[in-house]
$ cat model_29.txt   # compact mmCIF, C-alpha atoms and all ligand atoms
# COMPACT_ATOMS: atom_id res chain seq x y z
CA MET N 1 -9.97 -8.43 12.54
CA GLU N 2 -6.69 -9.02 10.79
CA ILE N 3 -5.76 -8.63 7.17
CA MET N 4 -2.68 -9.59 5.22
CA ILE N 5 -0.73 -7.05 3.26
CA PRO N 6 1.13 -8.65 0.36
CA CYS N 7 4.64 -7.30 -0.25
CA ALA N 8 4.98 -5.96 -3.81
CA GLU N 9 8.80 -6.05 -3.63
CA CYS N 10 8.80 -9.73 -2.80
CA ALA N 11 6.15 -10.43 -5.42
CA ARG N 12 8.55 -9.04 -7.99
CA ALA N 13 11.38 -11.33 -6.94
CA VAL N 14 10.26 -14.57 -8.50
CA SER N 15 12.61 -17.19 -7.15
CA MET N 16 12.89 -17.04 -3.44
CA PRO N 17 13.24 -20.26 -1.49
CA ASP N 18 10.93 -21.36 1.31
CA ASN N 19 8.11 -19.14 0.32
CA GLY N 20 4.47 -19.73 -0.36
CA PHE N 21 3.65 -19.50 -4.00
CA GLY N 22 0.67 -17.52 -5.17
CA PRO N 23 -1.80 -18.62 -7.80
CA GLU N 24 0.41 -17.38 -10.65
CA GLY N 25 3.54 -18.94 -9.22
CA VAL N 26 4.45 -15.51 -7.84
CA VAL N 27 6.07 -15.42 -4.44
CA LEU N 28 3.74 -13.87 -1.95
CA ARG N 29 5.28 -12.55 1.23
CA SER N 30 3.00 -10.68 3.45
CA ARG N 31 2.51 -9.23 6.88
CA THR N 32 -0.58 -9.69 8.99
CA VAL N 33 -1.87 -6.50 10.55
CA HIS N 34 -5.02 -5.42 12.32
CA VAL N 35 -7.56 -3.40 10.42
CA GLN N 36 -6.84 0.27 10.95
CA GLU N 37 -9.19 3.15 10.77
CA HIS N 38 -7.66 5.24 8.03
CA ASN N 39 -7.07 2.50 5.49
CA LEU N 40 -3.37 3.31 5.40
CA TYR N 41 -1.09 0.52 6.56
CA ARG N 42 2.57 0.60 7.46
CA ALA N 43 4.46 -2.59 8.22
CA VAL N 44 7.72 -4.37 7.53
CA CYS N 45 7.60 -7.58 5.50
CA PRO N 46 9.51 -10.67 6.71
CA GLU N 47 12.28 -9.77 4.23
CA GLY N 48 12.65 -6.31 5.73
CA HIS N 49 10.92 -4.31 2.99
CA GLN N 50 8.97 -1.28 4.13
CA LEU N 51 5.32 -1.79 3.32
CA VAL N 52 3.03 1.15 2.81
CA ALA N 53 -0.33 0.08 1.55
CA ILE N 54 -3.72 1.62 1.01
CA LEU N 55 -6.64 -0.69 1.35
CA ASP N 56 -9.44 0.13 -1.05
CA ASN N 57 -12.21 -1.73 0.72
CA LEU N 58 -14.96 0.47 2.07
CA PRO N 59 -15.83 0.54 5.77
CA PHE N 60 -19.08 -1.39 5.31
CA GLU N 61 -17.23 -4.12 3.42
CA LEU N 62 -14.65 -4.49 6.20
CA LEU N 63 -17.27 -4.40 8.94
CA PHE N 64 -19.33 -7.05 7.23
CA GLU N 65 -16.23 -9.24 6.89
CA SER N 66 -15.44 -8.68 10.54
CA GLY N 67 -18.98 -9.86 11.37
CA LEU N 68 -18.49 -12.96 9.23
CA GLU N 69 -15.22 -13.84 10.93
CA ALA N 70 -16.76 -13.39 14.36
CA LEU N 71 -19.69 -15.60 13.29
CA VAL N 72 -17.35 -18.31 12.05
CA ASP N 73 -15.32 -18.09 15.26
CA GLY N 74 -18.38 -18.27 17.50
CA TYR N 75 -18.20 -14.69 18.80
CA LEU N 76 -21.87 -14.25 18.14
CA ARG N 77 -22.57 -11.01 20.01
CA GLU N 78 -19.61 -9.42 18.23
CA SER N 79 -20.79 -10.73 14.89
CA VAL N 80 -24.27 -9.19 15.31
CA SER N 81 -22.71 -5.90 16.36
CA SER N 82 -20.38 -5.81 13.32
CA PHE N 83 -23.17 -6.76 10.90
CA ALA N 84 -25.32 -3.98 12.34
CA ALA N 85 -22.46 -1.47 12.00
CA ALA N 86 -21.86 -2.64 8.42
CA LEU N 87 -25.45 -1.83 7.52
CA GLU N 88 -25.20 1.64 9.10
CA ARG N 89 -22.02 2.39 7.16
CA LEU N 90 -23.66 1.10 3.98
CA TYR N 91 -26.44 3.63 4.56
CA GLU N 92 -23.81 6.34 4.94
CA PHE N 93 -22.12 5.26 1.72
CA SER N 94 -25.45 5.19 -0.07
CA ILE N 95 -26.42 8.67 1.17
CA ARG N 96 -23.06 10.05 0.06
CA VAL N 97 -23.34 8.40 -3.34
CA GLN N 98 -26.92 9.53 -3.94
CA LEU N 99 -26.21 13.14 -2.96
CA THR N 100 -23.07 13.13 -5.11
CA GLY N 101 -25.23 11.79 -7.91
CA GLU N 102 -27.49 14.82 -7.42
CA LYS N 103 -24.45 17.10 -7.82
CA VAL N 104 -24.09 18.11 -4.17
CA GLU N 105 -20.52 19.37 -3.68
CA VAL N 106 -18.12 17.32 -1.62
CA ASN N 107 -17.56 20.10 0.94
CA GLN N 108 -21.27 20.66 1.42
CA LEU N 109 -21.73 16.94 1.83
CA GLU N 110 -19.12 16.86 4.60
CA LEU N 111 -20.79 19.77 6.37
CA MET N 112 -24.19 18.12 6.11
CA TRP N 113 -22.83 14.83 7.40
CA LYS N 114 -21.60 16.50 10.57
CA SER N 115 -25.18 17.22 11.57
CA VAL N 116 -26.21 13.58 11.29
CA ALA N 117 -22.96 11.78 12.07
CA ALA N 118 -23.65 11.20 15.76
CA GLN N 119 -27.18 9.84 15.36
CA SER N 120 -27.86 6.74 13.34
CA GLU N 121 -31.63 7.37 13.46
CA ARG N 122 -31.11 10.61 11.52
CA GLN N 123 -29.02 8.74 8.96
CA LEU N 124 -31.63 6.04 8.57
CA GLY N 125 -34.31 8.70 8.11
CA MET N 126 -32.28 10.39 5.42
CA TYR N 127 -31.66 7.09 3.67
CA ILE N 128 -35.38 6.25 3.64
CA GLY N 129 -36.21 9.72 2.31
CA LEU N 130 -33.62 9.67 -0.44
CA ARG N 131 -34.57 6.24 -1.66
CA THR N 132 -38.26 7.05 -1.60
CA LEU N 133 -37.58 10.20 -3.60
CA LYS N 134 -35.64 8.29 -6.23
CA ASP N 135 -37.73 5.10 -6.44
CA GLY N 136 -41.19 6.44 -5.66
CA ARG N 137 -41.58 3.91 -2.84
CA GLN N 138 -39.94 3.22 0.45
CA PRO N 139 -36.99 0.83 0.49
CA VAL N 140 -36.94 -2.61 2.09
CA LEU N 141 -35.57 -2.15 5.59
CA MET N 142 -34.53 -4.33 8.48
CA PRO N 143 -37.69 -6.03 9.82
CA GLN N 144 -38.81 -4.74 13.19
CA SER N 145 -38.21 -8.10 14.87
CA GLN N 146 -34.56 -8.05 13.73
CA SER N 147 -34.17 -4.48 14.81
CA LYS N 148 -35.43 -5.44 18.28
CA PHE N 149 -33.06 -8.38 18.30
CA ARG N 150 -30.12 -6.15 17.39
CA ASN N 151 -30.96 -3.72 20.18
CA SER N 152 -31.17 -6.46 22.75
CA VAL N 153 -27.74 -7.77 21.68
CA ILE N 154 -26.06 -4.38 21.51
CA HIS N 155 -27.76 -2.57 24.38
CA LYS N 156 -28.99 -5.28 26.72
CA GLY N 157 -26.17 -7.79 26.69
CA TYR N 158 -28.25 -10.57 25.11
CA PHE N 159 -26.21 -13.60 23.96
CA PRO N 160 -27.63 -14.78 20.63
CA ASP N 161 -27.37 -18.38 19.55
CA SER N 162 -25.67 -19.26 16.29
CA ALA N 163 -28.91 -19.55 14.31
CA GLU N 164 -29.99 -16.06 15.42
CA ALA N 165 -26.61 -14.56 14.51
CA PHE N 166 -26.65 -16.40 11.16
CA ASN N 167 -30.15 -15.16 10.34
CA PHE N 168 -29.23 -11.63 11.25
CA GLY N 169 -26.10 -11.80 9.08
CA GLU N 170 -28.13 -13.21 6.21
CA MET N 171 -30.68 -10.41 6.43
CA VAL N 172 -27.93 -7.74 6.47
CA PHE N 173 -26.12 -9.48 3.60
CA LYS N 174 -29.24 -9.31 1.43
CA LEU N 175 -29.92 -5.67 2.28
CA ILE N 176 -26.35 -4.62 1.54
CA LEU N 177 -26.08 -6.60 -1.66
CA GLU N 178 -29.37 -5.26 -2.98
CA GLU N 179 -28.31 -1.69 -2.24
CA VAL N 180 -24.78 -1.84 -3.68
CA MET N 181 -26.14 -3.40 -6.87
CA ARG N 182 -28.76 -0.66 -7.10
CA LEU N 183 -26.12 2.04 -6.56
CA ASP N 184 -23.88 0.52 -9.24
CA GLU N 185 -26.81 0.57 -11.61
CA CYS N 186 -28.30 4.01 -10.86
CA PHE N 187 -25.31 6.06 -9.71
CA LYS N 188 -22.31 4.51 -11.38
CA ASP N 189 -20.26 7.74 -11.64
CA ALA N 190 -21.08 8.84 -8.10
CA VAL N 191 -20.01 5.42 -6.80
CA SER N 192 -16.63 5.92 -8.54
CA ILE N 193 -16.28 9.43 -7.09
CA GLN N 194 -17.03 8.28 -3.55
CA THR N 195 -14.76 5.25 -3.84
CA HIS N 196 -12.01 7.50 -5.12
CA LEU N 197 -12.54 9.99 -2.26
CA HIS N 198 -12.20 7.14 0.18
CA ARG N 199 -8.79 6.31 -1.29
CA GLU N 200 -7.81 9.98 -1.31
CA LYS N 201 -8.45 10.30 2.41
CA ALA N 202 -5.86 7.59 3.03
CA THR N 203 -3.45 9.21 0.57
CA LYS N 204 -3.59 12.42 2.59
CA SER N 205 -2.14 10.61 5.60
CA LEU N 206 0.99 9.62 3.61
CA LYS N 207 4.28 11.11 4.76
CA LYS N 208 6.86 12.65 2.43
CA GLU N 209 9.39 9.91 3.07
CA ASP N 210 6.92 7.10 2.36
CA PRO N 211 7.53 4.96 -0.71
CA PRO N 212 4.71 4.97 -3.28
CA PRO N 213 1.86 3.11 -1.59
CA TYR N 214 0.69 -0.26 -2.77
CA MET N 215 -3.04 -0.06 -3.54
CA PHE N 216 -4.98 -3.19 -2.90
CA GLY N 217 -8.43 -4.48 -2.14
CA PHE N 218 -9.86 -7.80 -1.11
CA GLY N 219 -12.78 -9.50 -2.76
CA LEU N 220 -14.70 -9.44 0.51
CA ALA N 221 -18.17 -10.93 0.83
CA VAL N 222 -20.12 -7.78 0.02
CA ALA N 223 -17.44 -6.26 -2.25
CA ASP N 224 -18.12 -9.14 -4.58
CA ARG N 225 -21.45 -8.29 -6.18
CA ALA N 226 -22.64 -11.79 -6.88
CA ASP N 227 -25.92 -12.83 -5.30
CA ARG N 228 -25.48 -16.21 -3.63
CA PRO N 229 -26.73 -18.11 -0.59
CA PHE N 230 -25.42 -16.73 2.69
CA SER N 231 -24.39 -20.23 3.74
CA ASP N 232 -21.89 -20.20 0.82
CA VAL N 233 -20.56 -16.87 2.01
CA VAL N 234 -20.00 -18.26 5.50
CA THR N 235 -18.32 -21.39 4.17
CA LYS N 236 -15.97 -19.29 2.06
CA ALA N 237 -15.11 -17.07 5.02
CA GLN N 238 -14.34 -20.18 7.05
CA ALA N 239 -11.96 -21.48 4.39
CA SER N 240 -10.15 -18.18 3.92
CA MET N 241 -9.67 -17.75 7.66
CA ARG N 242 -8.19 -21.22 7.86
CA ARG N 243 -5.77 -20.39 5.06
CA ARG N 244 -4.77 -17.10 6.65
CA ARG N 245 -4.16 -18.70 10.01
CA ALA N 246 -1.99 -21.25 8.27
CA GLY N 247 0.10 -18.31 7.10
CA GLU N 248 -0.99 -18.30 3.52
CA ALA N 249 -1.45 -14.87 1.93
CA PRO N 250 -4.68 -14.36 0.03
CA PRO N 251 -4.26 -13.04 -3.48
CA ALA N 252 -5.16 -9.35 -3.57
CA SER N 253 -8.39 -9.06 -5.45
CA ASP N 254 -8.14 -8.43 -9.16
CA SER N 255 -11.88 -8.08 -9.41
CA ARG N 256 -11.45 -4.41 -8.45
CA SER N 257 -9.88 -3.57 -11.74
CA ASN N 258 -12.91 -4.72 -13.65
CA ASP N 259 -15.60 -3.91 -11.16
CA THR N 260 -17.81 -0.97 -11.91
CA ARG N 261 -16.26 1.30 -9.36
CA SER N 262 -12.83 1.63 -10.88
ZN ZN N 301 9.06 -8.03 0.98

$ encode --input "model_29.txt" --output "structure tokens" --more "lines below"
Ligand SMILES: [Zn+2]
Amino acid sequence: MEIMIPCAECARAVSMPDNGFGPEGVVLRSRTVHVQEHNLYRAVCPEGHQLVAILDNLPFELLFESGLEALVDGYLRESVSSFAAALERLYEFSIRVQLTGEKVEVNQLELMWKSVAAQSERQLGMYIGLRTLKDGRQPVLMPQSQSKFRNSVIHKGYFPDSAEAFNFGEMVFKLILEEVMRLDECFKDAVSIQTHLHREKATKSLKKEDPPPYMFGFGLAVADRADRPFSDVVTKAQASMRRRRAGEAPPASDSRSNDTRS
């Protein structure tokens, strides 16, 4: 999956010729890069400016987007695999948020995570337990039939058709959306702490000689908290991929500044 990093230097220079103009009439120069693991991006913009950027989007948001792009492009096995990974990382985020909400210290949380990090079944078990403790009933989970389907795609080399991949994506979309909305509602401060920690991890990888990083986030499908039909989500992903491939930079999301996590 590729993302575009807008150049803040160029955005400041208002009147450059031959450039794409952003929604505010601001020149947007950008560089396309692959998603990188630590959320810290270094690149050089077409005008030669050094770009150092920290992407605020959480792993589950990026994975879900990667699944959407694969779905739109017809890489259906890959899309199912990314959707499944997005859900697992959402469970991790949720566990971290809920334990932070219960005042577990960050260091203890990291230590605890090491004992479950390698086994997703342990993580799922913890997620079910935590939610049951908080809500007094077990959470809605992936239906068994979908879980079987996922395993056959990931472990048995099954090629899904587009309807199967779409349905799987839709199910994951609903589960993720329901959970992030619940976390925003019940653990608002802990969500902010965890989101901030995520940014801090990237900040730690900065070098002394780096310019101040540009912080940005995209309004990705599950970063945007609005409940809407999954078919709309897919259509939007299709349109934004077309724009990106045509070389047009997406506006960095402003929704971050007024979303509940910041
Ligand atoms: Zn530039």

$ closest_residue --input "model_29.txt" --among "N:Ile95, N:Val104, N:Ile154, N:Ile54" --to "Tyr127 of chain N" --atoms "only C-alpha atoms"
N:Ile95

$ residues_near_ligand --input "model_29.txt" --ligand "ligand ZN 301 (chain N)" --cutoff "8 Å" --atoms "all atoms listed in the file" --output "number ranges by chain"
N: 6-11, 29-30, 44-51

$ closest_residue --input "model_29.txt" --among "N:Arg244, N:Arg225, N:Lys156, N:Arg31" --to "Val52 of chain N" --atoms "all atoms listed in the file"
N:Arg31

$ atom_distance --input "model_29.txt" --atom1 "atom CA of Gly136 of chain N" --atom2 "atom CA of Ser192 of chain N"
24.7 Å

$ residues_near_point --input "model_29.txt" --point "(-17.7, -19.9, 9.9)" --cutoff "9 Å" --atoms "all atoms listed in the file" --output "list in words"
Leu68, Glu69, Ala70, Leu71, Val72, Asp73, Gly74, Val233, Val234, Thr235, Lys236, Ala237, Gln238, Ala239 and Met241 of chain N

$ closest_residue --input "model_29.txt" --among "N:Leu58, N:Ile5, N:Leu40, N:Val222" --to "Thr195 of chain N" --atoms "only C-alpha atoms"
N:Leu58

$ residues_around --input "model_29.txt" --residues "Glu170 of chain N" --least-positions-apart "4" --cutoff "10 Å" --atoms "all atoms listed in the file" --output "list of chain:residue names"
N:Phe83, N:Glu164, N:Ala165, N:Phe166, N:Lys174, N:Leu175, N:Ile176, N:Pro229, N:Phe230, N:Ser231, N:Val233, N:Val234

$ closest_residue --input "model_29.txt" --among "N:Arg96, N:Lys134, N:His38, N:Arg12" --to "Thr203 of chain N" --atoms "all atoms listed in the file"
N:His38

$ atom_distance --input "model_29.txt" --atom1 "atom CA of Asn39 of chain N" --atom2 "atom CA of Ala226 of chain N"
24.5 Å

$ decode --input "model_29.txt" --residues "segment 199-234 of chain N" --atoms "N, CA, C and O atoms" --output "short mmCIF file (atom, residue, chain, number, x, y, z; two decimals), in the first residue's frame"
data_model
loop_
_atom_site.label_atom_id
_atom_site.label_comp_id
_atom_site.auth_asym_id
_atom_site.auth_seq_id
_atom_site.Cartn_x
_atom_site.Cartn_y
_atom_site.Cartn_z
N ARG N 199 2.15 7.96 18.54
CA ARG N 199 2.91 9.03 17.89
C ARG N 199 4.30 9.13 18.51
O ARG N 199 5.29 9.33 17.83
N GLU N 200 4.36 8.96 19.83
CA GLU N 200 5.63 9.07 20.54
C GLU N 200 6.64 8.02 20.07
O GLU N 200 7.84 8.28 19.98
N LYS N 201 6.13 6.81 19.81
CA LYS N 201 7.02 5.75 19.32
C LYS N 201 7.74 6.19 18.05
O LYS N 201 8.93 5.95 17.89
N ALA N 202 7.00 6.83 17.15
CA ALA N 202 7.60 7.31 15.91
C ALA N 202 8.59 8.43 16.20
O ALA N 202 9.66 8.50 15.61
N THR N 203 8.23 9.30 17.14
CA THR N 203 9.10 10.43 17.49
C THR N 203 10.45 9.94 17.99
O THR N 203 11.47 10.56 17.75
N LYS N 204 10.44 8.81 18.68
CA LYS N 204 11.69 8.27 19.23
C LYS N 204 12.67 7.84 18.13
O LYS N 204 13.86 7.77 18.36
N SER N 205 12.14 7.55 16.94
CA SER N 205 13.03 7.14 15.85
C SER N 205 13.62 8.34 15.10
O SER N 205 14.37 8.17 14.15
N LEU N 206 13.24 9.57 15.51
CA LEU N 206 13.78 10.75 14.83
C LEU N 206 15.28 10.88 15.12
O LEU N 206 15.74 10.53 16.20
N LYS N 207 16.01 11.41 14.12
CA LYS N 207 17.43 11.67 14.34
C LYS N 207 17.61 13.14 14.69
O LYS N 207 16.76 13.97 14.36
N LYS N 208 18.77 13.42 15.32
CA LYS N 208 19.06 14.80 15.74
C LYS N 208 18.98 15.79 14.58
O LYS N 208 18.51 16.91 14.74
N GLU N 209 19.50 15.37 13.43
CA GLU N 209 19.59 16.31 12.30
C GLU N 209 18.27 16.45 11.54
O GLU N 209 18.17 17.25 10.61
N ASP N 210 17.25 15.69 11.92
CA ASP N 210 15.97 15.78 11.23
C ASP N 210 15.31 17.14 11.47
O ASP N 210 15.36 17.66 12.58
N PRO N 211 14.67 17.68 10.43
CA PRO N 211 13.85 18.87 10.67
C PRO N 211 12.63 18.47 11.50
O PRO N 211 12.34 17.29 11.62
N PRO N 212 11.93 19.45 12.09
CA PRO N 212 10.73 19.10 12.86
C PRO N 212 9.78 18.29 11.97
O PRO N 212 9.53 18.70 10.83
N PRO N 213 9.28 17.18 12.46
CA PRO N 213 8.44 16.34 11.59
C PRO N 213 7.08 16.97 11.33
O PRO N 213 6.56 17.72 12.16
N TYR N 214 6.56 16.65 10.18
CA TYR N 214 5.22 17.07 9.82
C TYR N 214 4.28 15.97 10.30
O TYR N 214 4.44 14.81 9.95
N MET N 215 3.32 16.33 11.15
CA MET N 215 2.38 15.33 11.66
C MET N 215 1.14 15.33 10.78
O MET N 215 0.56 16.38 10.54
N PHE N 216 0.78 14.17 10.34
CA PHE N 216 -0.44 14.14 9.53
C PHE N 216 -1.18 12.82 9.69
O PHE N 216 -0.63 11.83 10.18
N GLY N 217 -2.43 12.84 9.30
CA GLY N 217 -3.24 11.63 9.36
C GLY N 217 -4.24 11.68 8.24
O GLY N 217 -4.62 12.76 7.78
N PHE N 218 -4.64 10.53 7.77
CA PHE N 218 -5.64 10.49 6.71
C PHE N 218 -6.99 10.11 7.29
O PHE N 218 -7.07 9.32 8.22
N GLY N 219 -8.02 10.63 6.70
CA GLY N 219 -9.37 10.24 7.12
C GLY N 219 -9.71 8.89 6.50
O GLY N 219 -10.55 8.80 5.63
N LEU N 220 -9.01 7.85 6.94
CA LEU N 220 -9.22 6.52 6.37
C LEU N 220 -10.58 5.96 6.78
O LEU N 220 -11.21 6.45 7.72
N ALA N 221 -10.98 4.90 6.08
CA ALA N 221 -12.34 4.38 6.26
C ALA N 221 -12.74 4.19 7.72
O ALA N 221 -13.81 4.61 8.13
N VAL N 222 -11.89 3.53 8.52
CA VAL N 222 -12.31 3.29 9.89
C VAL N 222 -11.80 4.35 10.86
O VAL N 222 -12.08 4.31 12.04
N ALA N 223 -11.01 5.33 10.35
CA ALA N 223 -10.59 6.45 11.20
C ALA N 223 -11.76 7.43 11.29
O ALA N 223 -11.94 8.13 12.27
N ASP N 224 -12.54 7.44 10.24
CA ASP N 224 -13.72 8.28 10.16
C ASP N 224 -14.85 7.52 10.86
O ASP N 224 -15.23 6.44 10.44
N ARG N 225 -15.38 8.10 11.94
CA ARG N 225 -16.28 7.32 12.79
C ARG N 225 -17.72 7.23 12.31
O ARG N 225 -18.59 6.79 13.05
N ALA N 226 -17.99 7.69 11.11
CA ALA N 226 -19.38 7.69 10.68
C ALA N 226 -19.84 6.31 10.21
O ALA N 226 -19.17 5.67 9.41
N ASP N 227 -20.97 5.88 10.73
CA ASP N 227 -21.56 4.61 10.29
C ASP N 227 -22.19 4.85 8.92
O ASP N 227 -22.93 5.81 8.73
N ARG N 228 -21.85 4.01 7.97
CA ARG N 228 -22.40 4.15 6.62
C ARG N 228 -22.30 2.81 5.91
O ARG N 228 -21.52 1.94 6.35
N PRO N 229 -23.03 2.63 4.81
CA PRO N 229 -22.98 1.33 4.13
C PRO N 229 -21.57 1.04 3.62
O PRO N 229 -20.87 1.95 3.16
N PHE N 230 -21.17 -0.22 3.72
CA PHE N 230 -19.83 -0.61 3.29
C PHE N 230 -19.63 -0.36 1.80
O PHE N 230 -18.53 -0.05 1.35
N SER N 231 -20.72 -0.47 1.03
CA SER N 231 -20.60 -0.22 -0.41
C SER N 231 -20.14 1.23 -0.67
O SER N 231 -19.37 1.49 -1.59
N ASP N 232 -20.59 2.17 0.18
CA ASP N 232 -20.13 3.57 0.05
C ASP N 232 -18.64 3.68 0.35
O ASP N 232 -17.93 4.45 -0.28
N VAL N 233 -18.22 2.91 1.35
CA VAL N 233 -16.81 2.93 1.75
C VAL N 233 -15.93 2.45 0.58
O VAL N 233 -14.90 3.04 0.27
N VAL N 234 -16.40 1.39 -0.07
CA VAL N 234 -15.64 0.82 -1.19
C VAL N 234 -15.60 1.80 -2.36
O VAL N 234 -14.57 2.02 -2.98
#
